[in-house]
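Working notes, beginning with the structure itself.
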Amino acid sequence: MRGVMVGLLVASILTLGGCNSGAPPPSPATSASPESAPATERVVGPLTEAEAKALATMNDRLKEYLEMHNRIEQSVPKLQKEATPEQIDQHQRALQKLVQKARATAKPGDIFTLEARPVIKRLLATVFEGPDGKQLRASIRDEEDPATTAKLKPTVNSRYPDTVPLSTVPPQVLQTLPKLTEELEYRFIGDSLILLDVEAHVIADFIDDVIPQ
Amino acid sequence: MRKRHSLFVLSLFLVFVGIAGPRPAIRPGATPLAALQVVAERLVPLPNQAGSFKFAVLGDFGTGSKEQYELAGRMATLLKEFKYEIVALVGDNLYGSQRPQDFKKKFEIPYKPLLDAGVKFYASLGNHDAREQRLYKQFNMDGKLYYSFTPKSNVRFFALDSGYPVPEQIKWLEKELAASSDDWKIVFFHHPLYSSGDKHGSDIHLREVLEPLFLKHNVSVVLNGHDHFYERIKPQKGIAYFVTGSGGKLRSGNIDRKSGLTAKGFDTDLAFLAAEIIDDDMYFNAVSRLGKIVDSGMLTRRKVMP
């Protein structure tokens, strides 16, 4: 992570070095992060102004989703911290039903907005086509059963398939993508990037073909 | 006194674990550093001393396979003689589906003898684990993705979620480590900072973030998984690192012997780690599915002057 930050800093310096004093300020990263930020800050960039605006549309949708999620969560009995697998499952399925009902008309692009999709694809392509790309792709597919995933097509607002192992999401990918709160996480099914509602076990949105062959 | 007791315990241990005949000598470990001495030139039996703190370490286990059950059987056999109190789980606790029946098949049934005997499991999450596991009673995570606990006076464990090392977690860890005056600080999480795995290997990015905290705050031992084998790393800047990622999965022949990191590696069968802390020393034995002691040694905790 620090390597990323150092790289960004060097890139910025090199870029600015070729400009005159009237040059525009450096482009923002995917999450605001000053130079003094700890190495764990997830930053990637630089982004163009248009790309930053595109990702901002996704952040707005994420906020809306979380408001809905939290509202629903408050409506079901809170799960104890020391639960049985059955209680965890019941709670998860109760949330799942309510989320699916609240988003009955949800469709791809509701969160990974049309504006944000190409930016995310470009950012991931940068990662997967980098020097560690082959290893990262192998890592994501570590536990994958190609026969199972080949038959699967992710669907927005559906339950994450029980038969599909949760994929690895390498740190380099996490550093690249917009930061999420604990209720949501990124996963992969085949070549698709999934936005997973962790507590409801529902696919909130997805983008196809983010992993280059 | 300790030597006499050790011999007795070793003989009992060999009977229970099922070793026949002499073992090959344990290879020399790393050059001991001033802050951490590891004795591993020979078999160092677990003293099994009354009142000591005994624990086991297991990783990458939740497959539900015959092999996982066999290793679990070894853990149960050892428990009859060596009463370890806790098992630190270094992640990938459940592979594949994580339905109620999976918790049973991949965890509750194979480790039933341990659970019935009151052994407490403390989990950290791996890259294949669902976050809901933090709510599972038997994993003792108190609903948290990262947490710490003191199973014995002067021994504190810190469990991390290395899949999502968000700044909040790092700040929490620094605060927790700084607040702890325990002699033994043991950190466990999934992704290894040091590993000779051909498949995954060392997580350099994570190392940049965590290692300075470990050094600053007197961490002596770090336990990881992710790579599916057993490896004891040569002490790194005075800290002992163990990769124990073959509790149910094995990546045979995956240790890169040229990495320069390996003090002792075992990548031909499943294994778990059993350990015992007595005062400033920690004794450890890595035990394979077939009951062989594949690594053995003793290390002394770090003592960083304030």
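The chains in the structure tokens are called A, B, ... from first to last as shown; in each chain the residues are counted from 1, and the ligands are counted from 1 in the order shown.
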
What are the closest atom pairs, with distances in Å to one decimal, for all residues of chain B lying within 7 Å of chain A? Consider only C-alpha atoms, order rows by chain and residue number, and present the result as JSON lines.
```
{"residue": "B:Tyr95", "atom": "CA", "partner": "A:Pro165", "partner_atom": "CA", "distance": 6.5}
{"residue": "B:Gly96", "atom": "CA", "partner": "A:Pro165", "partner_atom": "CA", "distance": 4.0}
{"residue": "B:Ser97", "atom": "CA", "partner": "A:Asp162", "partner_atom": "CA", "distance": 5.1}
{"residue": "B:Arg99", "atom": "CA", "partner": "A:Asp89", "partner_atom": "CA", "distance": 6.9}
{"residue": "B:Pro100", "atom": "CA", "partner": "A:Pro85", "partner_atom": "CA", "distance": 4.7}
{"residue": "B:Phe103", "atom": "CA", "partner": "A:Pro85", "partner_atom": "CA", "distance": 6.6}
{"residue": "B:Asn127", "atom": "CA", "partner": "A:Thr168", "partner_atom": "CA", "distance": 5.1}
{"residue": "B:His128", "atom": "CA", "partner": "A:Leu166", "partner_atom": "CA", "distance": 5.0}
{"residue": "B:Asp129", "atom": "CA", "partner": "A:Leu166", "partner_atom": "CA", "distance": 6.9}
{"residue": "B:Arg131", "atom": "CA", "partner": "A:Val198", "partner_atom": "CA", "distance": 6.8}
{"residue": "B:Glu132", "atom": "CA", "partner": "A:Glu199", "partner_atom": "CA", "distance": 6.9}
{"residue": "B:Leu135", "atom": "CA", "partner": "A:Lys81", "partner_atom": "CA", "distance": 5.0}
{"residue": "B:Tyr136", "atom": "CA", "partner": "A:Ala83", "partner_atom": "CA", "distance": 5.0}
{"residue": "B:Lys137", "atom": "CA", "partner": "A:Glu82", "partner_atom": "CA", "distance": 3.9}
{"residue": "B:Asp142", "atom": "CA", "partner": "A:Lys81", "partner_atom": "CA", "distance": 5.4}
{"residue": "B:Gly143", "atom": "CA", "partner": "A:Lys81", "partner_atom": "CA", "distance": 4.9}
{"residue": "B:Pro165", "atom": "CA", "partner": "A:Thr40", "partner_atom": "CA", "distance": 6.8}
{"residue": "B:Val166", "atom": "CA", "partner": "A:Thr40", "partner_atom": "CA", "distance": 6.1}
{"residue": "B:Pro167", "atom": "CA", "partner": "A:Thr40", "partner_atom": "CA", "distance": 5.5}
{"residue": "B:His205", "atom": "CA", "partner": "A:Met1", "partner_atom": "CA", "distance": 5.5}
{"residue": "B:Val209", "atom": "CA", "partner": "A:Ala39", "partner_atom": "CA", "distance": 6.5}
```

- [ ] Quick one: everything within 6 Å of stretch 147-160 of chain A, counting only C-alpha atoms, minus sequence neighbours fewer than 2 positions away in the same chain. Send it as a list in words.
- [x]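 Everything that qualifies: Gln100, Lys107, Asp145, Gly190, His201, Val202, Ile203, Ala204 and Asp205 of chain A.
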
Please produce a file of the residues just selected, as a compact mmCIF listing (two decimals), in the first residue's frame, where the atoms kept are N, CA and C atoms.
```
# COMPACT_ATOMS: atom_id res chain seq x y z
N GLN A 100 -34.71 -8.02 -0.57
CA GLN A 100 -35.21 -8.35 -1.91
C GLN A 100 -36.57 -7.67 -2.17
N LYS A 107 -31.88 -3.42 -10.62
CA LYS A 107 -31.30 -3.92 -11.87
C LYS A 107 -29.81 -3.59 -11.91
N ASP A 145 -14.70 -23.62 -8.83
CA ASP A 145 -15.00 -24.80 -9.63
C ASP A 145 -15.50 -24.28 -10.98
N GLY A 190 -16.68 -16.03 -11.14
CA GLY A 190 -16.14 -16.08 -12.50
C GLY A 190 -15.40 -14.79 -12.82
N HIS A 201 -26.69 -11.60 2.54
CA HIS A 201 -26.15 -12.56 1.57
C HIS A 201 -26.81 -12.39 0.19
N VAL A 202 -27.00 -11.15 -0.16
CA VAL A 202 -27.68 -10.82 -1.42
C VAL A 202 -26.69 -10.07 -2.33
N ILE A 203 -26.76 -10.38 -3.62
CA ILE A 203 -25.93 -9.66 -4.59
C ILE A 203 -26.59 -8.31 -4.85
N ALA A 204 -25.95 -7.26 -4.37
CA ALA A 204 -26.53 -5.92 -4.51
C ALA A 204 -26.36 -5.40 -5.93
N ASP A 205 -25.23 -5.74 -6.55
CA ASP A 205 -24.99 -5.35 -7.95
C ASP A 205 -23.76 -6.11 -8.44
```

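From atom CA of B:Leu273 back to atom CA of B:Val57, the distance works out to 5.0 Å.
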
- [ ] For atom CA of B:Arg232 and atom CA of B:Ile109, determine how far apart the two atoms are, in Å to one decimal place.
- [x] 29.0 Å

Which residues of stretch 26-135 of chain B come within 6 Å of stretch 169-190 of chain B, and what is each one's closest atom pair and distance in Å (one decimal), counting only C-alpha atoms, sorted by chain and residue number, as a Markdown table?
```
| residue | atom | partner | partner_atom | distance |
| --- | --- | --- | --- | --- |
| B:Val90 | CA | B:His190 | CA | 5.0 |
| B:Gly91 | CA | B:His190 | CA | 5.1 |
| B:Ser124 | CA | B:Phe189 | CA | 5.7 |
| B:Gly126 | CA | B:His190 | CA | 5.2 |
```

TODO: Work out how far apart atom CA of B:Ala274 and atom CA of B:Val287 are and give it in Å to one decimal.
DONE: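 These two atoms are separated by 7.5 Å.
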
TODO: Select from stretch 101-290 of chain B everything DSSP, run on the backbone, classes as strand (DSSP E), then give the selection as a PyMOL selection string.
DONE: chain B and resi 120-123+147-152+155-159+184-188+221-224+230-233+240-244+262-266+271-278+281-288

TODO: Return the single residue from B:Lys152, B:Asp102, B:Arg289, B:Ile278 that is closest to B:Pro47, with distances computed using only C-alpha atoms.
DONE: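 Comparing B:Lys152, B:Asp102, B:Arg289, B:Ile278 against B:Pro47, the winner is B:Ile278.
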
- [ ] Mind checking which residues fall within 9 Å of A:Ala116, counting only C-alpha atoms, ignoring those fewer than 2 positions away in the same chain, and posting them as a PyMOL selection string?
- [x] chain A and resi 51-58+109+111-114+118-121

Selection from above, C-alpha atoms, as a PDB file, in the first residue's frame, can you write it?
```pdb
ATOM      1  CA  GLU A  51     -13.659   9.678 -13.512  1.00  0.00           C
ATOM      2  CA  ALA A  52     -13.848  11.101 -10.021  1.00  0.00           C
ATOM      3  CA  LYS A  53     -17.323  12.403 -10.776  1.00  0.00           C
ATOM      4  CA  ALA A  54     -18.320   9.017 -12.174  1.00  0.00           C
ATOM      5  CA  LEU A  55     -17.227   7.237  -9.008  1.00  0.00           C
ATOM      6  CA  ALA A  56     -19.000   9.841  -6.926  1.00  0.00           C
ATOM      7  CA  THR A  57     -22.278   8.692  -8.505  1.00  0.00           C
ATOM      8  CA  MET A  58     -21.566   5.200  -7.206  1.00  0.00           C
ATOM      9  CA  GLY A 109     -26.212  -0.469 -12.725  1.00  0.00           C
ATOM     10  CA  ILE A 111     -25.104   0.909  -7.613  1.00  0.00           C
ATOM     11  CA  PHE A 112     -22.259   0.267 -10.034  1.00  0.00           C
ATOM     12  CA  THR A 113     -23.669   3.127 -12.086  1.00  0.00           C
ATOM     13  CA  LEU A 114     -23.289   3.326 -15.824  1.00  0.00           C
ATOM     14  CA  PRO A 118     -15.987   1.918 -17.142  1.00  0.00           C
ATOM     15  CA  VAL A 119     -13.855   3.568 -14.465  1.00  0.00           C
ATOM     16  CA  ILE A 120     -13.950   0.472 -12.286  1.00  0.00           C
ATOM     17  CA  LYS A 121     -13.130  -1.715 -15.248  1.00  0.00           C
TER      18      LYS A 121
END
```

TODO: Run DSSP on the backbone and give me the residues of stretch 52-199 of chain A it puts in alpha helix (DSSP H), as a PyMOL selection string.
DONE: chain A and resi 52-75+85-102+116-128+133-140+146-151+171-176
